[in-house]
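Engineer: This is the structure I want to talk about, given as structure tokens.
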Protein chains: 2
Amino acid sequence: MNGRSPGDKLQDIACPAPVHQRSKIIAAHGGGGRLTRQLIERVFQPAFDNPGLDTGHDGAVVDVGPERLVMTTDSYVVQPLFFPGGDIGSLAVNGTVNDLSMCGARPLYLSAAFILEEGLPLEALEKIAASMRRAADEAGVRIVTGDTKVVETGNGDGMFITTTGVGRMETALSVHPSSIRPGDRIVLSGGLARHGIAVLDARNRLGLDCGVESDCAPLNRPVQQLLDAGVAIHCMRDLTRGGMATALVELAQSCSLDFRIQERQLPIDEKVRGACEILGFDPLYVANEGCFVCFVTESEAERALEVLHKNPVTQQARIVGQVEDSGTGTVVLETGLGTGRRLDLLSGEQLPRIC
Amino acid sequence: MNGRSPGDKLQDIACPAPVHQRSKIIAAHGGGGRLTRQLIERVFQPAFDNPGLDTGHDGAVVDVGPERLVMTTDSYVVQPLFFPGGDIGSLAVNGTVNDLSMCGARPLYLSAAFILEEGLPLEALEKIAASMRRAADEAGVRIVTGDTKVVETGNGDGMFITTTGVGRMETALSVHPSSIRPGDRIVLSGGLARHGIAVLDARNRLGLDCGVESDCAPLNRPVQQLLDAGVAIHCMRDLTRGGMATALVELAQSCSLDFRIQERQLPIDEKVRGACEILGFDPLYVANEGCFVCFVTESEAERALEVLHKNPVTQQARIVGQVEDSGTGTVVLETGLGTGRRLDLLSGEQLPRIC
């Protein structure tokens, strides 16, 4: 699967050169961390620069006539295609539904583009299409258009799916990193690191068999419930590639404020924690597919929790930290021992092909 | 590149089994012809069935508030990434712009999702991003959101791009296969088969070096000019995978009317014709990326030509056929010798990885 030696990989993680010093794409450019950000900032942002482009958010808000729409896209390359708690199809639907939700939009329509590898069993495609339909029904969105391409054996790794979503902004709130304010409470919706561990377990390389299921789930209903309850959400972000730590660091840098996170408040299942310890992974950097953080004022935080606790997907929601009164864009984890650990963007890639 | 023997390939083209009799995906499932249609009808249509899904058209018309939007998506897997007249980037932008245009919509916003293979030269990505920007500017659309994933060497074949487009329906016309009427004239916008031959030439497998450039171009301006001139367009279709023949057969079957095409009216460049003869390809089945057919009443046809002749992209436009007064969904090519040849959907795949 991987053409490079383990030594290369470790070197990438330890000391990745900036993108402009590299001449070739490496795995970490797709890891959601530092090199992905550099690729966006140094290649895509200058090339595509326009008033609608928003590389700091999960989707773009665009105007069509009197309507404010949100548009978002993601390619899914997860390996294996099926894993405990989901498959590439449910992941592709939920991931795009969630990106729309994180912008504050009501998800409406999805497109689905398939790149299939010759030799893919038709039964697998049928199962995945059915799974996409179930996920779409659960989220209340419609898959309205699609495309299929086939590439030769050895060039497509089973199946890649790209879903693009269109949603409607129905809130007058500006749900955006720039709306985060000093004093905001940071609400985490559920247990961390389940998706990454479930996918790795399904790869069966380490014979882990740890019984962890992916948290893959649509987040639009809890978000809608928050909005319907009148909670004035400042910002949301789902905690996918690079995990909670990477998402928070991106947001802190984006709004130039400091975040302080209480480690003992972070919900991490015992089985997940055990698997992370065996594998040497930091659960804060492991991908989630049904978890998000939400920034609200102190006075709104308890009400947000009340709303979230009523939904099964977010019943573990907790206040895990707060935004400092001043700052320069750093995220500090306060450990149980009273010490502080500064979190940074994921360098290199902890787990490739996770979404 | 291809894991199968030439014998397999020929067998597929000569006698492809229906999709339900096959257990695995083959190249022809992505060829835009008979097997692609079967895959859509037997896997995706039943799985995704909903009122917004329109598998017989280039995009889906959806309502958002008072707005009628069109949404379309395509993955691009062309090999090689660069070819005479374009590259995967300009192809990805123009292809999606054109699908929106064919539905009668004004293209507005695009998303771009990249699946990159480890080892891809960064310079290639930069060139392609710049090419996408130029194509977007030429078409007057904005790339507003995107995604990047990286797959291991040997799993991604350089680069795949999925572009999704959102456009606004500003015409009250129902531009759709179901609007085709007996007596309609079929207007073809330009010379056939250039894209497929240019890509094949760039693969340099046959040392053809025939000097043919892809017709890759945005079609939204000529379409807008037709609409602005008040031409009552019944239906449009760009002639991509499977070429003009496949597009026409799909449309004829969709509206259950017969089309009669005059072979001597078809504009095919001498160099293109020569290359097709050497390679044994039928130019009617070779992909185009800047050509479309347009169905209008007899009384509107000359005015449509006048409009199209003013735009450089469509200055070769001609009336190439007409819709019969009655029919069962067949397309007949009237040859120069006065004989008729019935056209069918492409079986198997003539040229893989063309778009």
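All residue names refer to the structure tokens as shown: chains lettered A, B, ... in order, residues numbered from 1 in each chain, ligands numbered from 1 in order.
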If you run DSSP on this backbone, which residues of stretch 1-141 of chain B come out as strand (DSSP E or B), and could you give them as a PyMOL selection string?
Structural biologist: chain B and resi 24+60-64+67-76+82-83+86-87+105-117+121
Engineer: Could you please select, counting only C-alpha atoms, the residues of chain A within 6 Å of chain B and state them as number ranges by chain?
Structural biologist: A: 2-3, 23-27, 30, 47-48, 52-53, 60, 73-74, 118-122, 129-130, 133, 144-150, 152-153, 155-157
Engineer: Which residues are close to A:Val231, i.e. within 7 Å by only C-alpha atoms, leaving aside same-chain residues fewer than 2 positions away? Reply as a list in words.
Structural biologist: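 Residues near the query, excluding close chain neighbours: Leu226, Leu227, Ala229, Ile233, Glu300 and Ala304 of chain A.
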Engineer: Could you tell me how far atom CA of B:Gly191 lies from atom CA of B:Ile268, in Å and to one decimal?
Structural biologist: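 Distance between the two atoms: 5.1 Å.
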Engineer: Would you give me, as a VMD selection string, the residues in stretch 1-170 of chain B that DSSP reads as alpha helix (DSSP H)?
Structural biologist: chain B and resid 6 to 14 34 to 39 45 to 48 88 to 102 122 to 139
Engineer: Suppose we keep C-alpha atoms; can you now write the selection as an mmCIF file, in the first residue's frame?
Structural biologist:
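Result file is selection-v7.cif:
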```cif
data_model
loop_
_atom_site.group_PDB
_atom_site.id
_atom_site.type_symbol
_atom_site.label_atom_id
_atom_site.label_comp_id
_atom_site.auth_asym_id
_atom_site.auth_seq_id
_atom_site.Cartn_x
_atom_site.Cartn_y
_atom_site.Cartn_z
ATOM 1 C CA PRO B 6 -6.060 -7.238 -24.857
ATOM 2 C CA GLY B 7 -8.239 -10.307 -25.399
ATOM 3 C CA ASP B 8 -10.416 -9.399 -22.399
ATOM 4 C CA LYS B 9 -10.785 -5.906 -23.725
ATOM 5 C CA LEU B 10 -11.930 -6.965 -27.175
ATOM 6 C CA GLN B 11 -14.384 -9.400 -25.698
ATOM 7 C CA ASP B 12 -15.874 -6.632 -23.556
ATOM 8 C CA ILE B 13 -16.378 -4.420 -26.576
ATOM 9 C CA ALA B 14 -17.821 -7.174 -28.726
ATOM 10 C CA ARG B 34 -24.513 0.961 -22.375
ATOM 11 C CA LEU B 35 -22.888 -0.389 -19.214
ATOM 12 C CA THR B 36 -22.732 3.044 -17.576
ATOM 13 C CA ARG B 37 -26.451 3.416 -18.226
ATOM 14 C CA GLN B 38 -27.111 -0.051 -16.785
ATOM 15 C CA LEU B 39 -25.070 0.785 -13.697
ATOM 16 C CA GLN B 45 -31.287 5.024 -9.491
ATOM 17 C CA PRO B 46 -33.030 2.479 -7.228
ATOM 18 C CA ALA B 47 -30.714 3.293 -4.312
ATOM 19 C CA PHE B 48 -30.958 7.073 -4.494
ATOM 20 C CA ILE B 88 -7.144 17.927 -16.352
ATOM 21 C CA GLY B 89 -7.722 21.291 -14.675
ATOM 22 C CA SER B 90 -9.272 23.144 -17.610
ATOM 23 C CA LEU B 91 -11.202 19.978 -18.454
ATOM 24 C CA ALA B 92 -12.612 19.751 -14.903
ATOM 25 C CA VAL B 93 -13.769 23.375 -14.938
ATOM 26 C CA ASN B 94 -15.128 23.416 -18.487
ATOM 27 C CA GLY B 95 -16.802 20.028 -18.166
ATOM 28 C CA THR B 96 -18.815 21.106 -15.150
ATOM 29 C CA VAL B 97 -19.549 24.570 -16.545
ATOM 30 C CA ASN B 98 -20.856 22.834 -19.665
ATOM 31 C CA ASP B 99 -23.083 20.411 -17.775
ATOM 32 C CA LEU B 100 -24.738 23.344 -16.005
ATOM 33 C CA SER B 101 -25.091 25.185 -19.316
ATOM 34 C CA MET B 102 -26.692 22.165 -20.974
ATOM 35 C CA LEU B 122 4.154 20.015 -6.942
ATOM 36 C CA GLU B 123 4.857 21.949 -10.105
ATOM 37 C CA ALA B 124 2.228 19.916 -11.953
ATOM 38 C CA LEU B 125 -0.347 20.734 -9.273
ATOM 39 C CA GLU B 126 0.521 24.433 -9.456
ATOM 40 C CA LYS B 127 0.180 24.452 -13.247
ATOM 41 C CA ILE B 128 -3.163 22.684 -13.056
ATOM 42 C CA ALA B 129 -4.501 25.013 -10.353
ATOM 43 C CA ALA B 130 -3.487 27.999 -12.506
ATOM 44 C CA SER B 131 -5.179 26.412 -15.502
ATOM 45 C CA MET B 132 -8.372 25.915 -13.470
ATOM 46 C CA ARG B 133 -8.325 29.558 -12.495
ATOM 47 C CA ARG B 134 -7.937 30.671 -16.121
ATOM 48 C CA ALA B 135 -10.781 28.392 -17.195
ATOM 49 C CA ALA B 136 -12.985 29.661 -14.346
ATOM 50 C CA ASP B 137 -12.252 33.266 -15.262
ATOM 51 C CA GLU B 138 -12.994 32.594 -18.920
ATOM 52 C CA ALA B 139 -16.341 31.047 -18.008
#
```
Engineer: Just to confirm, what's the straight-line distance from atom CA of B:Arg185 to atom CA of B:Gln262 in Å (one decimal)?
Structural biologist: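 Separation of atom CA of B:Arg185 and atom CA of B:Gln262: 11.6 Å.
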Engineer: So that I can check the surroundings of A:Glu302, please list as a list of chain:residue names every protein, DNA and RNA residue that reaches within 10 Å of it, counting only C-alpha atoms and ignoring chain neighbours fewer than 3 positions away.
Structural biologist: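 Residues near the query, excluding close chain neighbours: A:Arg185, A:Val187, A:Val296, A:Thr297, A:Glu298, A:Ser299, A:Leu305, A:Glu306, A:Val307, A:Leu308, A:Arg318, A:Ile319.
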Engineer: Can you tell me how far atom CA of A:Leu239 sits from atom CA of A:Glu334, in Å to one decimal?
Structural biologist: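 Calculated distance between atom CA of A:Leu239 and atom CA of A:Glu334 is 19.4 Å.
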Engineer: Please list as a list in words every residue within 8 Å of stretch 250-256 of chain A, counting only C-alpha atoms and excluding residues in the same chain fewer than 3 positions away.
Structural biologist: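 My list of contacting residues is Gly56, Pro177, Ser178, Ser179, Ile180, Thr246, Ala247, Phe259, Gly327, Thr328, Gly329, Thr330, Val331 and Leu345 of chain A.
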Engineer: Extract, using only C-alpha atoms, all DNA, RNA and protein residues at most 9 Å from A:Asp184, discarding same-chain residues fewer than 2 positions from it, and format them as an mmCIF file with C-alpha atoms, in the first residue's frame.
Structural biologist:
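The result, written out as selection21.cif:
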```
data_model
loop_
_atom_site.group_PDB
_atom_site.id
_atom_site.type_symbol
_atom_site.label_atom_id
_atom_site.label_comp_id
_atom_site.auth_asym_id
_atom_site.auth_seq_id
_atom_site.Cartn_x
_atom_site.Cartn_y
_atom_site.Cartn_z
ATOM 1 C CA ILE A 180 -15.294 33.517 18.296
ATOM 2 C CA ARG A 181 -15.039 35.906 21.273
ATOM 3 C CA PRO A 182 -12.934 36.009 24.461
ATOM 4 C CA ILE A 186 -15.973 25.436 24.109
ATOM 5 C CA HIS A 234 -20.398 31.743 17.396
ATOM 6 C CA PHE A 295 -18.306 28.091 20.691
ATOM 7 C CA VAL A 296 -20.954 29.947 22.720
ATOM 8 C CA THR A 297 -20.955 32.642 25.389
ATOM 9 C CA GLU A 298 -20.649 31.563 29.018
ATOM 10 C CA ALA A 301 -23.213 27.188 27.471
ATOM 11 C CA GLY A 321 -12.567 24.655 27.693
ATOM 12 C CA GLN A 322 -12.808 28.340 27.098
ATOM 13 C CA VAL A 323 -11.469 31.177 25.025
ATOM 14 C CA GLU A 324 -9.034 33.445 26.894
#
```
Engineer: Find the residues near A:Gly336: any atom within 12 Å, counting only C-alpha atoms, skip ones fewer than 3 places away on the same chain, and give them as a ChimeraX atom specification.
Structural biologist: /A:261-266,333,339-341
